Each structure stands twice: as C-alpha cells, then as structure tokens.
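> Input structure15.txt, format and content: compact mmCIF, C-alpha atoms.
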# COMPACT_ATOMS: atom_id res chain seq x y z
CA MET A 1 -35.93 80.19 -18.52
CA ALA A 2 -37.07 83.08 -20.69
CA HIS A 3 -39.14 80.52 -22.54
CA ALA A 4 -41.07 79.38 -19.53
CA GLY A 5 -43.77 82.03 -19.69
CA THR A 6 -44.36 81.43 -23.38
CA VAL A 7 -44.58 77.72 -22.92
CA ASP A 8 -47.12 78.13 -20.11
CA LEU A 9 -49.26 80.34 -22.26
CA MET A 10 -49.18 77.95 -25.12
CA ASP A 11 -50.21 75.18 -22.77
CA ALA A 12 -53.00 77.25 -21.26
CA GLU A 13 -54.61 78.27 -24.49
CA PRO A 14 -55.69 74.87 -25.69
CA GLU A 15 -57.00 74.19 -22.18
CA ASP A 16 -59.13 77.32 -22.35
CA ALA A 17 -60.39 76.38 -25.76
CA GLN A 18 -61.19 72.94 -24.45
CA ARG A 19 -63.09 74.38 -21.51
CA LEU A 20 -65.08 76.69 -23.78
CA ALA A 21 -65.89 73.86 -26.15
CA THR A 22 -67.10 71.68 -23.27
CA GLU A 23 -69.21 74.50 -21.94
CA ALA A 24 -70.72 75.19 -25.35
CA ARG A 25 -71.54 71.54 -25.73
CA ASP A 26 -73.17 71.38 -22.27
CA ARG A 27 -75.19 74.49 -23.02
CA VAL A 28 -76.46 73.18 -26.36
CA ARG A 29 -77.40 69.92 -24.70
CA PHE A 30 -79.23 71.78 -21.96
CA GLU A 31 -81.15 73.84 -24.52
CA GLU A 32 -82.12 70.77 -26.48
CA ASP A 33 -83.29 68.95 -23.35
CA ALA A 34 -85.33 71.95 -22.23
CA LEU A 35 -86.95 72.33 -25.64
CA ALA A 36 -87.78 68.62 -25.76
CA LEU A 37 -89.76 69.09 -22.52
CA SER A 38 -91.69 72.10 -23.77
CA ASP A 39 -94.82 70.14 -24.71
CA GLN A 40 -95.09 68.70 -21.24
CA VAL A 41 -94.32 72.03 -19.61
CA TYR A 42 -96.97 73.73 -21.73
CA ARG A 43 -99.71 71.30 -20.72
CA VAL A 44 -99.28 72.35 -17.11
CA ALA A 45 -98.47 76.00 -17.86
CA ARG A 46 -101.70 76.34 -19.80
CA TYR A 47 -103.65 75.96 -16.55
CA LEU A 48 -101.25 77.68 -14.18
CA ALA A 49 -101.72 80.74 -16.40
CA SER A 50 -105.04 82.49 -16.55
CA SER A 51 -105.42 82.27 -20.32
CA ARG A 52 -103.88 80.83 -23.45
CA GLU A 53 -102.22 84.19 -24.18
CA ASP A 54 -100.70 84.33 -20.71
CA ALA A 55 -99.48 80.77 -21.06
CA ASP A 56 -97.82 81.70 -24.36
CA GLU A 57 -96.01 84.69 -22.83
CA LEU A 58 -95.05 82.82 -19.69
CA MET A 59 -93.55 79.99 -21.71
CA GLN A 60 -91.39 82.44 -23.66
CA GLU A 61 -90.26 84.30 -20.54
CA THR A 62 -89.52 81.01 -18.82
CA TYR A 63 -87.41 79.67 -21.66
CA ALA A 64 -85.60 82.98 -22.11
CA ARG A 65 -84.70 82.93 -18.42
CA ALA A 66 -83.82 79.24 -18.44
CA PHE A 67 -81.45 79.68 -21.39
CA ARG A 68 -79.73 82.61 -19.66
CA SER A 69 -79.36 80.86 -16.32
CA TRP A 70 -78.74 77.32 -17.50
CA ARG A 71 -75.72 77.07 -15.22
CA SER A 72 -77.92 77.11 -12.16
CA PHE A 73 -79.60 73.87 -13.23
CA THR A 74 -78.04 70.84 -11.53
CA PRO A 75 -77.63 68.07 -14.11
CA GLY A 76 -79.37 64.88 -13.09
CA THR A 77 -82.19 66.66 -11.25
CA ASN A 78 -85.74 67.06 -12.56
CA MET A 79 -85.52 69.63 -15.36
CA ARG A 80 -89.27 69.74 -15.94
CA ALA A 81 -89.81 70.70 -12.29
CA TRP A 82 -87.00 73.26 -12.56
CA LEU A 83 -88.63 74.89 -15.58
CA LEU A 84 -92.05 74.95 -13.94
CA ARG A 85 -90.61 76.49 -10.82
CA ILE A 86 -89.23 79.35 -12.93
CA LEU A 87 -92.58 79.63 -14.68
CA ASN A 88 -94.56 79.71 -11.45
CA ASN A 89 -92.27 82.39 -9.98
CA LEU A 90 -92.61 84.54 -13.09
CA ASN A 91 -96.37 84.07 -12.99
CA ILE A 92 -96.49 85.34 -9.41
CA ASP A 93 -93.86 88.11 -9.86
CA ARG A 94 -95.67 89.66 -12.78
CA GLY A 95 -98.89 89.73 -10.83
CA ARG A 96 -100.47 87.91 -13.71
CA ARG A 97 -101.87 85.30 -11.49
CA GLN A 98 -105.59 85.78 -11.16
CA GLN A 99 -106.66 87.12 -7.81
CA ARG A 100 -108.50 84.42 -6.05
CA ALA A 101 -111.83 85.35 -4.61
CA PRO A 102 -111.24 84.75 -0.91
CA GLN A 103 -114.76 84.10 0.35
CA MET A 104 -115.94 82.39 -2.78
CA GLN A 105 -114.67 78.91 -2.21
CA PRO A 106 -117.33 76.52 -3.41
CA LEU A 107 -118.78 74.16 -0.86
CA GLU A 108 -117.17 70.81 -1.00
CA ALA A 109 -119.08 67.63 -1.45
CA ASN A 110 -117.65 64.30 -0.38
CA ASP A 111 -115.48 62.25 -2.70
CA TYR A 112 -118.29 59.98 -3.89
CA TYR A 113 -120.70 62.84 -4.57
CA LEU A 114 -120.19 63.18 -8.33
CA TYR A 115 -120.46 59.48 -9.01
CA ASP A 116 -123.54 59.14 -6.86
CA ARG A 117 -125.24 62.05 -8.64
CA LEU A 118 -124.37 60.84 -12.12
CA ALA A 119 -125.29 57.24 -11.38
CA GLU A 120 -128.60 58.38 -9.86
CA ASP A 121 -129.47 60.14 -13.10
CA GLY A 122 -128.28 57.35 -15.28
CA ASP A 123 -131.25 54.96 -15.35
CA GLY A 124 -129.28 52.40 -13.43
CA VAL A 125 -126.32 52.56 -15.81
CA SER A 126 -123.55 51.08 -13.77
CA ASP A 127 -120.70 50.94 -16.26
CA GLU A 128 -118.26 53.44 -14.80
CA ASP A 129 -116.84 54.44 -18.19
CA LYS A 130 -120.31 55.25 -19.46
CA VAL A 131 -121.06 57.30 -16.37
CA VAL A 132 -117.94 59.38 -16.97
CA GLU A 133 -118.96 59.96 -20.57
CA ARG A 134 -122.01 61.84 -19.38
CA LEU A 135 -119.64 64.75 -18.84
CA SER A 136 -118.75 66.83 -21.89
CA GLN A 137 -115.29 68.21 -22.58
CA ASP A 138 -116.69 71.72 -22.10
CA ASP A 139 -118.09 70.75 -18.71
CA ILE A 140 -114.67 69.61 -17.63
CA VAL A 141 -112.72 72.62 -18.91
CA THR A 142 -115.26 74.98 -17.32
CA ALA A 143 -115.21 73.08 -14.04
CA LEU A 144 -111.41 73.13 -13.87
CA SER A 145 -111.37 76.88 -14.53
CA ALA A 146 -113.82 77.35 -11.68
CA VAL A 147 -111.49 75.74 -9.13
CA PRO A 148 -109.76 78.55 -7.17
CA HIS A 149 -106.15 79.06 -8.19
CA ASP A 150 -104.41 77.77 -5.07
CA PHE A 151 -106.19 74.45 -5.37
CA ARG A 152 -106.03 74.31 -9.14
CA ASP A 153 -102.24 74.80 -9.25
CA VAL A 154 -101.72 71.67 -7.18
CA LEU A 155 -104.36 69.70 -9.05
CA VAL A 156 -102.81 70.59 -12.39
CA LEU A 157 -99.26 69.73 -11.32
CA VAL A 158 -100.17 66.36 -9.82
CA ASP A 159 -103.07 65.17 -11.97
CA LEU A 160 -102.08 66.63 -15.35
CA GLY A 161 -98.34 66.96 -14.90
CA ASP A 162 -97.78 63.72 -13.00
CA PHE A 163 -95.57 65.48 -10.49
CA SER A 164 -95.02 63.88 -7.10
CA TYR A 165 -96.30 65.69 -4.02
CA ALA A 166 -92.68 66.60 -3.24
CA ASP A 167 -92.04 68.08 -6.69
CA ALA A 168 -95.28 70.05 -6.58
CA ALA A 169 -94.29 71.38 -3.16
CA GLN A 170 -90.95 72.54 -4.51
CA ILE A 171 -92.40 74.15 -7.62
CA LEU A 172 -95.01 76.09 -5.64
CA ASP A 173 -92.74 76.67 -2.65
CA ILE A 174 -95.25 75.30 -0.14
CA PRO A 175 -94.99 72.41 2.36
CA VAL A 176 -95.85 68.88 1.21
CA GLY A 177 -98.70 68.74 3.73
CA THR A 178 -100.24 71.79 2.08
CA VAL A 179 -99.93 70.12 -1.33
CA MET A 180 -101.83 67.13 0.02
CA SER A 181 -104.64 69.09 1.61
CA ARG A 182 -105.05 71.41 -1.38
CA LEU A 183 -105.04 68.47 -3.76
CA HIS A 184 -107.69 66.72 -1.73
CA ARG A 185 -109.90 69.79 -1.57
CA GLY A 186 -109.19 70.75 -5.17
CA ARG A 187 -110.37 67.39 -6.45
CA ARG A 188 -113.55 67.64 -4.41
CA ILE A 189 -114.22 71.17 -5.64
CA LEU A 190 -113.68 70.00 -9.22
CA LYS A 191 -116.16 67.17 -8.77
CA ARG A 192 -118.65 69.48 -7.15
CA GLU A 193 -118.39 71.81 -10.16
CA LEU A 194 -118.74 68.88 -12.54
CA ALA A 195 -121.81 67.62 -10.74
CA GLU A 196 -123.39 71.05 -10.97
CA SER A 197 -122.86 71.42 -14.69
CA ALA A 198 -123.94 67.85 -15.39
CA LEU A 199 -127.11 68.32 -13.37
CA GLU A 200 -127.89 71.64 -15.06
CA GLU A 201 -127.82 69.90 -18.39
CA ALA A 202 -130.06 67.12 -17.16
CA THR A 203 -132.81 69.53 -16.12
CA MET B 204 -116.35 51.89 14.65
CA MET B 205 -116.42 53.98 11.50
CA ASP B 206 -118.79 53.05 8.68
CA PRO B 207 -116.57 50.90 6.41
CA CYS B 208 -117.72 52.71 3.24
CA ALA B 209 -116.92 56.10 4.77
CA HIS B 210 -113.49 54.82 5.72
CA CYS B 211 -113.06 53.44 2.22
CA GLU B 212 -113.93 56.83 0.78
CA GLU B 213 -111.23 58.42 2.88
CA MET B 214 -108.71 55.93 1.59
CA MET B 215 -109.64 56.40 -2.06
CA GLN B 216 -107.50 59.40 -3.02
CA PRO B 217 -104.35 58.17 -1.27
CA TYR B 218 -105.01 54.68 -2.66
CA LEU B 219 -105.18 55.93 -6.23
CA ASP B 220 -102.14 58.15 -5.64
CA HIS B 221 -100.23 55.05 -4.40
CA VAL B 222 -99.30 56.66 -1.11
CA LEU B 223 -101.01 54.28 1.34
CA THR B 224 -98.88 52.16 3.65
CA ASP B 225 -98.94 48.43 2.93
CA GLN B 226 -101.19 47.85 5.91
CA GLU B 227 -103.70 50.53 4.81
CA LYS B 228 -103.66 49.15 1.29
CA VAL B 229 -104.50 45.65 2.53
CA GLU B 230 -107.40 47.08 4.56
CA ALA B 231 -108.75 49.10 1.66
CA GLU B 232 -108.54 46.14 -0.70
CA ALA B 233 -110.24 43.85 1.81
CA HIS B 234 -113.23 46.19 1.95
CA LEU B 235 -113.25 46.71 -1.83
CA ALA B 236 -113.31 42.96 -2.38
CA GLU B 237 -116.62 42.66 -0.58
CA CYS B 238 -118.30 46.00 -1.39
CA VAL B 239 -119.53 46.41 -4.96
CA ASP B 240 -120.63 50.01 -4.37
CA CYS B 241 -117.19 51.15 -3.28
CA GLN B 242 -115.61 49.18 -6.13
CA ARG B 243 -117.74 51.06 -8.63
CA ARG B 244 -116.89 54.38 -7.07
CA TYR B 245 -113.17 53.62 -7.14
CA LYS B 246 -113.40 52.60 -10.79
CA PHE B 247 -115.34 55.73 -11.56
CA GLU B 248 -112.71 57.88 -9.87
CA GLU B 249 -109.98 56.22 -11.88
CA SER B 250 -111.73 56.71 -15.20
CA LEU B 251 -112.68 60.26 -14.21
CA ARG B 252 -109.02 61.14 -13.69
CA ILE B 253 -108.10 59.78 -17.10
CA TYR B 254 -111.08 61.45 -18.71
CA VAL B 255 -110.36 64.85 -17.13
CA ARG B 256 -106.75 64.68 -18.20
CA LYS B 257 -107.77 63.94 -21.80
CA ALA B 258 -110.40 66.65 -21.83
CA VAL B 259 -108.18 69.47 -20.65
CA THR B 260 -104.91 68.59 -22.36
CA GLU B 261 -104.04 71.19 -24.98
CA GLU B 262 -101.24 70.74 -27.42
CA MET B 263 -98.65 73.49 -27.59
CA PRO B 264 -99.21 75.75 -30.63
CA ALA B 265 -96.63 75.22 -33.38
CA GLU B 266 -95.70 78.92 -33.49
CA LEU B 267 -94.87 78.86 -29.81
CA ARG B 268 -92.57 75.92 -30.37
CA GLN B 269 -90.70 77.94 -33.00
CA LYS B 270 -90.55 81.01 -30.77
CA LEU B 271 -89.02 78.96 -27.96
CA ALA B 272 -86.41 77.46 -30.26
CA ALA B 273 -85.51 80.98 -31.45
CA LEU B 274 -84.73 81.99 -27.85
CA ARG B 275 -81.65 79.78 -27.76
CA ILE B 276 -78.42 81.67 -27.27
CA PRO B 277 -76.32 81.45 -30.46
CA LEU B 278 -72.85 79.97 -30.19
CA GLU B 279 -70.14 82.59 -30.54
Could you render the structure from this file as structure tokens?


Amino acid sequence: MAHAGTVDLMDAEPEDAQRLATEARDRVRFEEDALALSDQVYRVARYLASSREDADELMQETYARAFRSWRSFTPGTNMRAWLLRILNNLNIDRGRRQQRAPQMQPLEANDYYLYDRLAEDGDGVSDEDKVVERLSQDDIVTALSAVPHDFRDVLVLVDLGDFSYADAAQILDIPVGTVMSRLHRGRRILKRELAESALEEAT
Amino acid sequence: MMDPCAHCEEMMQPYLDHVLTDQEKVEAEAHLAECVDCQRRYKFEESLRIYVRKAVTEEMPAELRQKLAALRIPLE
C-alpha cells in the first residue's frame, strides 16, 4: 500500500505532460490561424481606424490581446469576426476613434442618384462599367473617408469585409436592424460624396 | 400604387445583398426584365461595389506582418 501514492504520481505525470502538449499544440494552431487571417483583418481595420498609423497600432494591440486570451475563442466559430470585435473594442476604449461630427451628416440622395448623375454627364454612354470608370481611385478613397464613422464602420465590414449583417452586429455590438439602416444610409452617403467629387471634376 | 421604378430602387440594396424573400425577388426580377433603366442602374450598382472594393483595398505592410508574427507567445 505504501506504493500506492508513488504509483498515482507516476501515472499523473505523463497525463499532465500530455495535457500541456495538447494545449501547446492548440495554442500554436490558434496563433497560426489568426496570423493567416491578418491580411483580411487589416483590410477592414484600415478603415475602422482613422489612419494607417492607427491601423498599424490597433492590429498589433489586437494580436497581442488575442494571443494572450486565445482560450476565450470558441473553436469552430468565426475567428475573423472575433479578432475584429477585439479590434473594434480597443479602438473605442482608447478613444482613438474619430469623433463624429453630429450635425454634419451629409444629405442623402436616393440610391440611383450617382448613376443618374454620371450617366447624364456621359454623352449617352450607357455601358455601366464605363460609367463606373469615370470615378478615380482618389475620388473613392476620399468619399469613403468622408462617410461619418458610424455608417462607415458598417459599410466597411459588410462591403469590404464580406461580413453578414449578423456578424457586423456582433462586432460592433449593435442590433442587426441598426446594421441594416446604417448600411443603407452609409451607401447612399458614399454615393452622394462620389457624385460630388465626380461633378467637381467635370466642371 | 407605388411607381414601379421607385419600388425597384427600394429593392435594389436588399436584392444585391441576397436578403430578399423569394416572393420579393420574383417581383423585383419581373420589373427588371421589362425595365431597361432599372436594369442599367442595378448593373451599375453591382460594378460600383466591386470597383469601390478594389479602389480602397490596401495590402498589409510587410513589416506589420513580421511584427504580428513576433507577438506570438514562445513555447516554454
């Protein structure tokens, strides 16, 4: 009987080692998966942040936090959404998020406004791809930056990040209905801005 | 009765996001089939989305990629 304790210990040790090895393996896999998603996360982060520098810092803080708290990720769920939720929270916590100008929301045009304006100017050009090409890359980047943050966040998650309404709602911690209305308005504001810059160039 | 083109405009975003019900989708497509103007506007919206996405997509800087990899917690 004196042996019993010793035997138990000897049995327990390899089990512990096994558990640690499994955990290490899971952690390495988690880190690799998270790093493999970094390009996609960055594309969205770039526009949730106010600048390239902010996006750079936010990415690092997000990954540092993700690597520390990897256990709170539920395997099999959407890791990209999980990472962006961390990123969005850090962005808000650090007060880095640009203050939106409350009374400065641009007037919205209807959904067809941009097309109608561009087509009007286009000497009867009716090829939709050609009409789109009347917008320069600068026009588009400037127009997106001019969309107020609350609307832009949703626009960026859904239209650049390909997130579902439900995922966007979870990342931003707002109801799905709010995602839908902000997306709708955000797209209209973007088109309004695009129409303005395209028309400025034409005159 | 609502102007069919105005109704079609309302359906455009949800249509392109694939969130219309089957019934709404059938209605939208029925109008699109007979209205060249709305067809053009839908096509424009589709290419605009693709175009915007291309225009604003920035690749992650290589140094940032290295910095992120360096944040991994070393195995003991």

> Quick check: residues of chain A within 7 Å of chain B, all atoms listed in the file, returned as a PyMOL selection string.

chain A and resi 31+35+39+42-43+56+60+63-64+67+111-112+115+128-129+132+137+140-141+160

> Need to verify the contact set: range 68-82 of chain A, 8 Å, only C-alpha atoms, exclusion of same-chain residues closer than 6 positions in sequence. Can you return it as a list in words?

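Skipping anything fewer than 6 positions along the chain leaves Arg27, Phe30, Ala34, Leu37, Gln40, Val41, Phe163, Asp167, Ala168 and Ile171 of chain A; Ile276 of chain B.
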
> To one decimal place, how far is CA of Leu194 in chain A from CA of Leu84 in chain A in Å?

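Between these atoms lies a distance of 27.4 Å.
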
> Between CA of Arg25 in chain A and CA of Thr62 in chain A, what distance in Å does the model show, to one decimal?

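So the two atoms, CA of Arg25 in chain A and CA of Thr62 in chain A, lie 21.5 Å apart.
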
> Go ahead and compute the interatomic distance for CA of Thr142 in chain A and CA of Ser197 in chain A, in Å to one decimal.

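Answer for the CA of Thr142 in chain A to CA of Ser197 in chain A separation: 8.8 Å.
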
> Just add N, CA and C atoms to range 234-258 of chain B and send it as a PDB file, in the coordinates of the input.


ATOM      1  N   HIS B 234    -111.870  45.643   2.015  1.00  0.00           N
ATOM      2  CA  HIS B 234    -113.230  46.190   1.950  1.00  0.00           C
ATOM      3  C   HIS B 234    -113.726  46.222   0.495  1.00  0.00           C
ATOM      4  N   LEU B 235    -112.866  46.633  -0.407  1.00  0.00           N
ATOM      5  CA  LEU B 235    -113.250  46.710  -1.830  1.00  0.00           C
ATOM      6  C   LEU B 235    -113.692  45.353  -2.360  1.00  0.00           C
ATOM      7  N   ALA B 236    -113.011  44.300  -1.889  1.00  0.00           N
ATOM      8  CA  ALA B 236    -113.310  42.960  -2.380  1.00  0.00           C
ATOM      9  C   ALA B 236    -114.739  42.542  -2.054  1.00  0.00           C
ATOM     10  N   GLU B 237    -115.286  43.108  -0.973  1.00  0.00           N
ATOM     11  CA  GLU B 237    -116.620  42.660  -0.580  1.00  0.00           C
ATOM     12  C   GLU B 237    -117.695  43.746  -0.742  1.00  0.00           C
ATOM     13  N   CYS B 238    -117.315  44.925  -1.253  1.00  0.00           N
ATOM     14  CA  CYS B 238    -118.300  46.000  -1.390  1.00  0.00           C
ATOM     15  C   CYS B 238    -118.357  46.493  -2.829  1.00  0.00           C
ATOM     16  N   VAL B 239    -119.403  46.061  -3.548  1.00  0.00           N
ATOM     17  CA  VAL B 239    -119.530  46.410  -4.960  1.00  0.00           C
ATOM     18  C   VAL B 239    -119.689  47.925  -5.159  1.00  0.00           C
ATOM     19  N   ASP B 240    -120.410  48.569  -4.242  1.00  0.00           N
ATOM     20  CA  ASP B 240    -120.630  50.010  -4.370  1.00  0.00           C
ATOM     21  C   ASP B 240    -119.317  50.784  -4.339  1.00  0.00           C
ATOM     22  N   CYS B 241    -118.472  50.450  -3.373  1.00  0.00           N
ATOM     23  CA  CYS B 241    -117.190  51.150  -3.280  1.00  0.00           C
ATOM     24  C   CYS B 241    -116.305  50.824  -4.490  1.00  0.00           C
ATOM     25  N   GLN B 242    -116.367  49.561  -4.923  1.00  0.00           N
ATOM     26  CA  GLN B 242    -115.610  49.180  -6.130  1.00  0.00           C
ATOM     27  C   GLN B 242    -115.963  50.049  -7.310  1.00  0.00           C
ATOM     28  N   ARG B 243    -117.268  50.238  -7.510  1.00  0.00           N
ATOM     29  CA  ARG B 243    -117.740  51.060  -8.630  1.00  0.00           C
ATOM     30  C   ARG B 243    -117.239  52.482  -8.503  1.00  0.00           C
ATOM     31  N   ARG B 244    -117.304  52.993  -7.287  1.00  0.00           N
ATOM     32  CA  ARG B 244    -116.890  54.380  -7.070  1.00  0.00           C
ATOM     33  C   ARG B 244    -115.392  54.556  -7.293  1.00  0.00           C
ATOM     34  N   TYR B 245    -114.616  53.559  -6.895  1.00  0.00           N
ATOM     35  CA  TYR B 245    -113.170  53.620  -7.140  1.00  0.00           C
ATOM     36  C   TYR B 245    -112.896  53.598  -8.643  1.00  0.00           C
ATOM     37  N   LYS B 246    -113.601  52.706  -9.342  1.00  0.00           N
ATOM     38  CA  LYS B 246    -113.400  52.600 -10.790  1.00  0.00           C
ATOM     39  C   LYS B 246    -113.793  53.894 -11.481  1.00  0.00           C
ATOM     40  N   PHE B 247    -114.891  54.466 -10.991  1.00  0.00           N
ATOM     41  CA  PHE B 247    -115.340  55.730 -11.560  1.00  0.00           C
ATOM     42  C   PHE B 247    -114.276  56.798 -11.365  1.00  0.00           C
ATOM     43  N   GLU B 248    -113.734  56.875 -10.166  1.00  0.00           N
ATOM     44  CA  GLU B 248    -112.710  57.880  -9.870  1.00  0.00           C
ATOM     45  C   GLU B 248    -111.500  57.718 -10.785  1.00  0.00           C
ATOM     46  N   GLU B 249    -111.113  56.478 -10.991  1.00  0.00           N
ATOM     47  CA  GLU B 249    -109.980  56.220 -11.880  1.00  0.00           C
ATOM     48  C   GLU B 249    -110.268  56.679 -13.300  1.00  0.00           C
ATOM     49  N   SER B 250    -111.452  56.308 -13.817  1.00  0.00           N
ATOM     50  CA  SER B 250    -111.730  56.710 -15.200  1.00  0.00           C
ATOM     51  C   SER B 250    -111.975  58.211 -15.284  1.00  0.00           C
ATOM     52  N   LEU B 251    -112.493  58.801 -14.214  1.00  0.00           N
ATOM     53  CA  LEU B 251    -112.680  60.260 -14.210  1.00  0.00           C
ATOM     54  C   LEU B 251    -111.333  60.978 -14.355  1.00  0.00           C
ATOM     55  N   ARG B 252    -110.341  60.493 -13.615  1.00  0.00           N
ATOM     56  CA  ARG B 252    -109.020  61.140 -13.690  1.00  0.00           C
ATOM     57  C   ARG B 252    -108.466  61.093 -15.103  1.00  0.00           C
ATOM     58  N   ILE B 253    -108.600  59.924 -15.736  1.00  0.00           N
ATOM     59  CA  ILE B 253    -108.100  59.780 -17.100  1.00  0.00           C
ATOM     60  C   ILE B 253    -108.890  60.677 -18.062  1.00  0.00           C
ATOM     61  N   TYR B 254    -110.182  60.682 -17.849  1.00  0.00           N
ATOM     62  CA  TYR B 254    -111.080  61.450 -18.710  1.00  0.00           C
ATOM     63  C   TYR B 254    -110.812  62.953 -18.588  1.00  0.00           C
ATOM     64  N   VAL B 255    -110.638  63.423 -17.363  1.00  0.00           N
ATOM     65  CA  VAL B 255    -110.360  64.850 -17.130  1.00  0.00           C
ATOM     66  C   VAL B 255    -109.046  65.227 -17.807  1.00  0.00           C
ATOM     67  N   ARG B 256    -108.059  64.391 -17.627  1.00  0.00           N
ATOM     68  CA  ARG B 256    -106.750  64.680 -18.200  1.00  0.00           C
ATOM     69  C   ARG B 256    -106.853  64.812 -19.727  1.00  0.00           C
ATOM     70  N   LYS B 257    -107.587  63.885 -20.340  1.00  0.00           N
ATOM     71  CA  LYS B 257    -107.770  63.940 -21.800  1.00  0.00           C
ATOM     72  C   LYS B 257    -108.500  65.203 -22.213  1.00  0.00           C
ATOM     73  N   ALA B 258    -109.536  65.525 -21.452  1.00  0.00           N
ATOM     74  CA  ALA B 258    -110.400  66.650 -21.830  1.00  0.00           C
ATOM     75  C   ALA B 258    -109.674  67.985 -21.773  1.00  0.00           C
TER      76      ALA B 258
END
